[in-house]
file input_32.txt (compact mmCIF, C-alpha atoms)
# COMPACT_ATOMS: atom_id res chain seq x y z
CA ALA A 1 98.66 129.03 88.39
CA LEU A 2 95.62 127.04 89.55
CA PHE A 3 95.96 124.63 86.61
CA LYS A 4 99.56 123.83 87.54
CA GLN A 5 98.59 123.45 91.18
CA GLY A 6 95.83 121.05 90.14
CA LEU A 7 98.24 119.01 88.03
CA GLY A 8 100.47 118.63 91.05
CA CYS A 9 97.61 116.95 92.95
CA LEU A 10 96.60 114.46 90.26
CA GLY A 11 98.92 111.74 91.51
CA THR A 12 97.37 111.90 94.97
CA LEU A 13 93.84 111.83 93.56
CA TYR A 14 94.40 108.75 91.38
CA SER A 15 96.66 106.86 93.79
CA HIS A 16 94.89 107.56 97.09
CA GLN A 17 93.87 104.34 98.84
CA HIS A 18 90.23 105.41 99.19
CA THR A 19 89.41 106.83 95.75
CA PHE A 20 87.70 104.85 92.98
CA VAL A 21 89.30 104.98 89.54
CA LEU A 22 87.06 103.91 86.67
CA ARG A 23 88.89 103.61 83.35
CA LEU A 24 87.10 103.34 80.00
CA THR A 25 89.89 101.73 77.98
CA SER A 26 87.93 100.98 74.82
CA PHE A 27 85.12 102.52 72.84
CA PRO A 28 81.67 100.91 73.21
CA ASP A 29 80.68 98.33 70.58
CA GLY A 30 79.64 99.97 67.34
CA HIS A 31 81.54 103.20 67.99
CA LYS A 32 83.80 104.27 65.13
CA ALA A 33 86.92 106.33 65.72
CA GLU A 34 86.36 108.17 62.45
CA ASP A 35 83.08 109.53 63.86
CA GLN A 36 85.03 111.67 66.33
CA ALA A 37 85.17 115.43 65.89
CA GLU A 38 88.17 116.70 63.97
CA GLY A 39 91.25 117.08 66.15
CA THR A 40 90.09 114.48 68.68
CA ASN A 41 92.84 112.20 69.97
CA VAL A 42 91.85 108.73 68.72
CA ALA A 43 95.01 106.92 69.88
CA LYS A 44 94.33 103.72 71.79
CA TYR A 45 93.98 104.16 75.54
CA PHE A 46 97.11 102.16 76.39
CA ASP A 47 99.21 104.19 73.94
CA ARG A 48 98.34 107.55 75.53
CA GLY A 49 100.78 109.00 78.02
CA TRP A 50 98.29 110.57 80.42
CA CYS A 51 95.99 107.53 80.39
CA TYR A 52 98.95 105.27 81.09
CA THR A 53 100.03 107.54 83.94
CA GLU A 54 96.57 107.61 85.50
CA GLN A 55 96.35 103.80 85.28
CA SER A 56 99.81 103.49 86.84
CA TRP A 57 98.90 105.79 89.72
CA ALA A 58 95.75 103.74 90.33
CA SER A 59 97.85 100.55 90.41
CA LEU A 60 100.11 101.64 93.26
CA THR A 61 98.62 100.79 96.66
CA LYS A 62 94.84 100.93 96.41
CA SER A 63 92.77 97.80 96.94
CA GLY A 64 92.18 95.83 93.75
CA ASN A 65 88.46 96.57 93.53
CA LEU A 66 88.99 100.35 93.59
CA SER A 67 90.58 100.52 90.13
CA LEU A 68 88.33 99.08 87.45
CA ASP A 69 88.82 98.75 83.70
CA LEU A 70 85.28 99.33 82.38
CA GLY A 71 86.53 98.38 78.91
CA LYS A 72 86.38 94.77 80.14
CA MET A 73 82.59 94.89 80.53
CA ARG A 74 80.67 92.62 78.16
CA GLY A 75 77.71 93.86 76.16
CA GLY A 76 74.36 92.38 77.11
CA LYS A 77 75.50 91.24 80.56
CA GLU A 78 73.76 92.58 83.65
CA TYR A 79 76.20 93.45 86.40
CA ASP A 80 76.11 93.60 90.16
CA TRP A 81 79.08 94.87 92.17
CA ASP A 82 80.77 91.46 92.48
CA SER A 83 80.51 90.56 88.80
CA LEU A 84 81.60 94.08 87.79
CA THR A 85 84.74 93.95 89.92
CA ASP A 86 85.51 90.40 88.76
CA ASP A 87 85.29 91.27 85.06
CA CYS A 88 86.99 94.66 85.37
CA THR A 89 90.08 93.55 87.34
CA GLN A 90 90.95 90.28 85.56
CA ASP A 91 93.08 89.70 82.44
CA GLY A 92 95.18 92.82 82.80
CA GLY A 93 92.38 94.98 84.19
CA ARG A 94 94.57 95.75 87.19
CA ARG A 95 98.34 95.74 86.71
CA PRO A 96 100.92 95.53 89.51
CA PRO A 97 102.78 98.66 90.59
CA LEU A 98 105.95 99.79 88.83
CA LEU A 99 109.12 101.27 90.24
CA PRO A 100 109.56 104.88 89.06
CA SER A 101 112.46 103.83 86.82
CA ALA A 102 110.34 101.12 85.13
CA PHE A 103 107.45 103.56 84.74
CA ALA A 104 109.76 106.15 83.14
CA ALA A 105 111.13 103.59 80.67
CA GLU A 106 107.63 102.48 79.65
CA LEU A 107 106.47 106.09 79.39
CA GLU A 108 108.97 106.68 76.57
CA LYS A 109 106.81 104.43 74.36
CA LYS A 110 103.65 106.48 74.98
CA SER A 111 102.28 109.44 73.05
CA PHE A 112 101.45 112.88 74.42
CA THR A 113 99.89 115.84 72.69
CA ASN A 114 102.62 117.93 74.32
CA GLY A 115 105.29 115.29 75.04
CA LYS A 116 108.21 117.70 75.40
CA ASP A 117 106.64 119.26 78.49
CA ASP A 118 104.39 116.46 79.72
CA LYS A 119 106.83 113.53 79.87
CA PRO A 120 109.21 115.08 82.43
CA LEU A 121 106.23 116.42 84.37
CA VAL A 122 104.46 113.07 84.70
CA LYS A 123 107.68 111.22 85.54
CA GLY A 124 108.13 113.54 88.51
CA LEU A 125 104.47 113.31 89.51
CA TYR A 126 104.54 109.50 89.35
CA GLU A 127 107.67 109.29 91.48
CA ALA A 128 106.16 111.65 94.07
CA ALA A 129 102.92 109.62 94.26
CA PHE A 130 104.89 106.35 94.43
CA LYS A 131 106.95 107.59 97.38
CA GLU A 132 103.92 109.10 99.11
CA GLN A 133 101.65 106.06 98.85
CA PHE A 134 104.19 103.28 99.46
CA GLY A 135 105.90 105.30 102.17
CA LYS A 136 102.76 105.35 104.30
CA ALA A 137 101.20 101.99 103.32
CA THR A 138 100.69 99.56 106.19
CA GLU A 139 98.48 97.18 104.17
CA LEU A 140 98.53 96.21 100.51
CA SER A 141 95.60 94.25 99.08
CA TYR A 142 96.16 92.79 95.63
CA ALA A 143 93.74 89.87 96.05
CA ASN A 144 91.68 88.24 93.31
CA LEU A 145 93.31 90.04 90.37
CA GLY A 146 94.29 87.03 88.26
CA TRP A 147 97.98 87.77 88.78
CA GLY A 148 100.56 85.11 87.91
CA ASP A 149 104.32 84.78 88.29
CA ALA A 150 105.14 87.78 86.06
CA GLU A 151 102.98 90.13 88.11
CA ALA A 152 104.37 88.70 91.36
CA ALA A 153 107.91 89.32 90.09
CA GLN A 154 107.01 92.91 89.23
CA LEU A 155 105.56 93.44 92.72
CA ALA A 156 108.66 91.80 94.20
CA GLU A 157 110.87 94.43 92.53
CA VAL A 158 108.88 97.17 94.21
CA LEU A 159 108.98 95.50 97.63
CA ALA A 160 112.71 94.68 97.37
CA SER A 161 113.42 98.38 96.80
CA GLY A 162 112.36 99.16 100.37
CA ALA A 163 109.56 101.40 99.13
CA ALA A 164 107.13 100.15 101.80
CA PRO A 165 108.95 100.39 105.15
CA ARG A 166 105.71 100.47 107.17
CA LEU A 167 104.07 97.47 105.48
CA GLU A 168 102.47 95.10 107.99
CA GLU A 169 100.00 93.13 105.83
CA LEU A 170 100.22 91.90 102.22
CA TRP A 171 97.14 90.23 100.69
CA LEU A 172 97.60 88.18 97.52
CA GLN A 173 95.02 85.42 97.89
CA ARG A 174 92.91 84.17 94.96
CA ASN A 175 95.58 84.93 92.37
CA GLU A 176 97.40 82.43 90.15
CA ILE A 177 100.90 82.95 91.52
CA GLY A 178 103.02 79.82 91.18
CA ASP A 179 106.34 78.68 92.60
CA GLU A 180 108.46 81.19 90.66
CA GLY A 181 106.35 84.13 91.74
CA CYS A 182 106.41 82.96 95.35
CA LYS A 183 110.20 82.61 95.21
CA ALA A 184 110.54 86.14 93.84
CA LEU A 185 108.32 87.54 96.59
CA ALA A 186 110.11 85.57 99.32
CA ALA A 187 113.51 86.77 98.09
CA ALA A 188 112.29 90.37 97.94
CA LEU A 189 110.76 90.30 101.40
CA GLY A 190 113.86 88.59 102.78
CA LYS A 191 116.03 91.56 101.84
CA GLU A 192 117.09 93.65 104.78
CA GLY A 193 114.91 96.74 105.07
CA ALA A 194 112.41 95.59 102.42
CA ALA A 195 109.41 95.34 104.78
CA PRO A 196 110.70 95.19 108.34
CA ARG A 197 107.23 95.25 109.95
CA LEU A 198 105.70 92.51 107.79
CA GLU A 199 105.14 89.24 109.66
call {"tool": "encode", "arguments": {"input": "input_32.txt", "output": "structure tokens"}}
result
Amino acid sequence: ALFKQGLGCLGTLYSHQHTFVLRLTSFPDGHKAEDQAEGTNVAKYFDRGWCYTEQSWASLTKSGNLSLDLGKMRGGKEYDWDSLTDDCTQDGGRRPPLLPSAFAAELEKKSFTNGKDDKPLVKGLYEAAFKEQFGKATELSYANLGWGDAEAAQLAEVLASGAAPRLEELWLQRNEIGDEGCKALAAALGKEGAAPRLE
């Protein structure tokens, strides 16, 4: 009973605006998958259902520097906080949020040890976390993530859905969003009810 109760809280833990999520998306240099103990899941991080779900929760509403892909770290480089967040959020290190329907479609391509039970479970958990976090968000900070037009269009889909009715501030500075991405965002935010408090 406690395990199931704990599972029900995972979405809140990973998606909460004030929690850090550190993802190790690749093995360290020199590590060999065949050296793993027998029965160990050696599927790539991005092919695993639970890993994908945790990453997706962490991409909802938290500030960009609170979800880091440690697999982006470079061997031999000394890091301080600024260089760590720069390296670990760029080049896909932090993806834009997905609508629950888009998440569910992508989840079908992922592997689970117990997919029959886990897929429907995580779809429901993702949708609950999505509604919880966007429903209460007054500020979204997706600054300095290296996002371009494709990421802006993905964010625009979320905003156009009306998922963030309390949104007052949206931070996207220091990205690489061009004209097409700006048009998609403007169209989304221009929809009635999309973000009525945003100025």
call {"tool": "atom_distance", "arguments": {"input": "input_32.txt", "atom1": "CA of Ser63 (chain A)", "atom2": "CA of Gly148 (chain A)"}}
result
17.4 Å
call {"tool": "closest_atom_pairs", "arguments": {"input": "input_32.txt", "of": "region 58-175 of chain A", "to": "region 185-190 of chain A", "cutoff": "12 Å", "atoms": "all atoms listed in the file", "output": "Markdown table"}}
result
| residue | atom | partner | partner_atom | distance |
| --- | --- | --- | --- | --- |
| A:Gly148 | CA | A:Leu185 | CA | 11.9 |
| A:Asp149 | CA | A:Leu185 | CA | 9.6 |
| A:Ala150 | CA | A:Leu185 | CA | 11.0 |
| A:Glu151 | CA | A:Leu185 | CA | 10.4 |
| A:Ala152 | CA | A:Leu185 | CA | 6.7 |
| A:Ala153 | CA | A:Leu185 | CA | 6.8 |
| A:Gln154 | CA | A:Leu185 | CA | 9.2 |
| A:Leu155 | CA | A:Leu185 | CA | 7.6 |
| A:Ala156 | CA | A:Leu185 | CA | 4.9 |
| A:Glu157 | CA | A:Ala188 | CA | 6.9 |
| A:Val158 | CA | A:Ala188 | CA | 8.5 |
| A:Leu159 | CA | A:Ala188 | CA | 6.1 |
| A:Ala160 | CA | A:Ala188 | CA | 4.4 |
| A:Ser161 | CA | A:Ala188 | CA | 8.2 |
| A:Gly162 | CA | A:Leu189 | CA | 9.1 |
| A:Ala163 | CA | A:Leu189 | CA | 11.4 |
| A:Ala164 | CA | A:Leu189 | CA | 10.5 |
| A:Pro165 | CA | A:Leu189 | CA | 10.9 |
| A:Leu167 | CA | A:Leu189 | CA | 10.6 |
| A:Glu168 | CA | A:Leu189 | CA | 11.6 |
| A:Glu169 | CA | A:Leu189 | CA | 12.0 |
| A:Leu170 | CA | A:Leu189 | CA | 10.7 |
| A:Leu172 | CA | A:Leu185 | CA | 10.8 |
call {"tool": "residues_around", "arguments": {"input": "input_32.txt", "residues": "Ala58 (chain A)", "least_positions_apart": "6", "cutoff": "12 Å", "atoms": "all atoms listed in the file", "output": "JSON, numbers by chain"}}
result
{"A": [10, 11, 12, 13, 14, 15, 16, 17, 18, 19, 20, 21, 22, 23, 51, 52, 64, 65, 66, 67, 68, 69, 93, 94, 95, 96, 97, 98, 126, 129, 130, 133]}
call {"tool": "atom_distance", "arguments": {"input": "input_32.txt", "atom1": "CA of Leu70 (chain A)", "atom2": "CA of Leu24 (chain A)"}}
result
5.0 Å
call {"tool": "atom_distance", "arguments": {"input": "input_32.txt", "atom1": "CA of Gly92 (chain A)", "atom2": "CA of Thr138 (chain A)"}}
result
25.0 Å
call {"tool": "closest_atom_pairs", "arguments": {"input": "input_32.txt", "of": "region 8-31 of chain A", "to": "region 71-81 of chain A", "cutoff": "9 Å", "atoms": "only C-alpha atoms", "output": "tab-separated table"}}
result
residue	atom	partner	partner_atom	distance
A:Arg23	CA	A:Gly71	CA	7.3
A:Leu24	CA	A:Gly71	CA	5.1
A:Thr25	CA	A:Gly71	CA	4.8
A:Ser26	CA	A:Gly71	CA	5.0
A:Phe27	CA	A:Gly71	CA	7.5
A:Pro28	CA	A:Gly71	CA	7.9
A:Asp29	CA	A:Gly75	CA	7.7
call {"tool": "write_last_selection", "arguments": {"input": "input_32.txt", "atoms": "C-alpha atoms", "output": "PDB file, keeping the file's coordinate frame"}}
result
ATOM      1  CA  ARG A  23      88.890 103.610  83.350  1.00  0.00           C
ATOM      2  CA  LEU A  24      87.100 103.340  80.000  1.00  0.00           C
ATOM      3  CA  THR A  25      89.890 101.730  77.980  1.00  0.00           C
ATOM      4  CA  SER A  26      87.930 100.980  74.820  1.00  0.00           C
ATOM      5  CA  PHE A  27      85.120 102.520  72.840  1.00  0.00           C
ATOM      6  CA  PRO A  28      81.670 100.910  73.210  1.00  0.00           C
ATOM      7  CA  ASP A  29      80.680  98.330  70.580  1.00  0.00           C
TER       8      ASP A  29
END
call {"tool": "axis_aligned_box", "arguments": {"input": "input_32.txt", "around": "region 65-84 of chain A", "padding_each_side": "6 Å", "output": "lines of an AutoDock Vina configuration file"}}
result
center_x = 82.2
center_y = 95.5
center_z = 84.9
size_x = 28.8
size_y = 22.0
size_z = 29.4
call {"tool": "closest_residue", "arguments": {"input": "input_32.txt", "among": "A:Asp47, A:Glu127, A:Asp87, A:Asp117", "to": "Ser101 (chain A)", "atoms": "all atoms listed in the file"}}
result
A:Glu127
call {"tool": "closest_residue", "arguments": {"input": "input_32.txt", "among": "A:Pro120, A:Gly8, A:Gly30, A:Gly178", "to": "Ala104 (chain A)", "atoms": "only C-alpha atoms"}}
result
A:Pro120
call {"tool": "closest_residue", "arguments": {"input": "input_32.txt", "among": "A:Phe134, A:Phe103, A:Trp57, A:Tyr45", "to": "Ala194 (chain A)", "atoms": "all atoms listed in the file"}}
result
A:Phe134
call {"tool": "decode", "arguments": {"input": "input_32.txt", "residues": "region 169-180 of chain A", "atoms": "N, CA and C atoms", "output": "compact mmCIF listing (two decimals), in the first residue's frame"}}
result
# COMPACT_ATOMS: atom_id res chain seq x y z
N GLU A 169 3.82 35.77 -15.80
CA GLU A 169 5.14 36.06 -16.36
C GLU A 169 5.68 34.85 -17.10
N LEU A 170 6.24 35.11 -18.30
CA LEU A 170 6.84 34.06 -19.12
C LEU A 170 8.22 34.53 -19.54
N TRP A 171 9.26 33.81 -19.12
CA TRP A 171 10.65 34.20 -19.39
C TRP A 171 11.26 33.25 -20.42
N LEU A 172 11.67 33.81 -21.55
CA LEU A 172 12.26 33.02 -22.63
C LEU A 172 13.55 33.63 -23.17
N GLN A 173 14.11 34.59 -22.45
CA GLN A 173 15.30 35.28 -22.95
C GLN A 173 16.49 34.33 -23.08
N ARG A 174 17.45 34.74 -23.90
CA ARG A 174 18.69 34.00 -24.15
C ARG A 174 18.44 32.61 -24.71
N ASN A 175 17.42 32.49 -25.55
CA ASN A 175 17.20 31.30 -26.35
C ASN A 175 17.47 31.68 -27.81
N GLU A 176 17.21 30.78 -28.72
CA GLU A 176 17.45 31.03 -30.14
C GLU A 176 16.15 30.96 -30.92
N ILE A 177 15.10 31.49 -30.34
CA ILE A 177 13.78 31.46 -30.96
C ILE A 177 13.70 32.53 -32.04
N GLY A 178 13.36 32.10 -33.26
CA GLY A 178 13.27 33.00 -34.39
C GLY A 178 11.85 33.46 -34.65
N ASP A 179 11.63 33.98 -35.85
CA ASP A 179 10.33 34.54 -36.22
C ASP A 179 9.20 33.51 -36.12
N GLU A 180 9.45 32.29 -36.62
CA GLU A 180 8.39 31.27 -36.62
C GLU A 180 7.99 30.88 -35.20
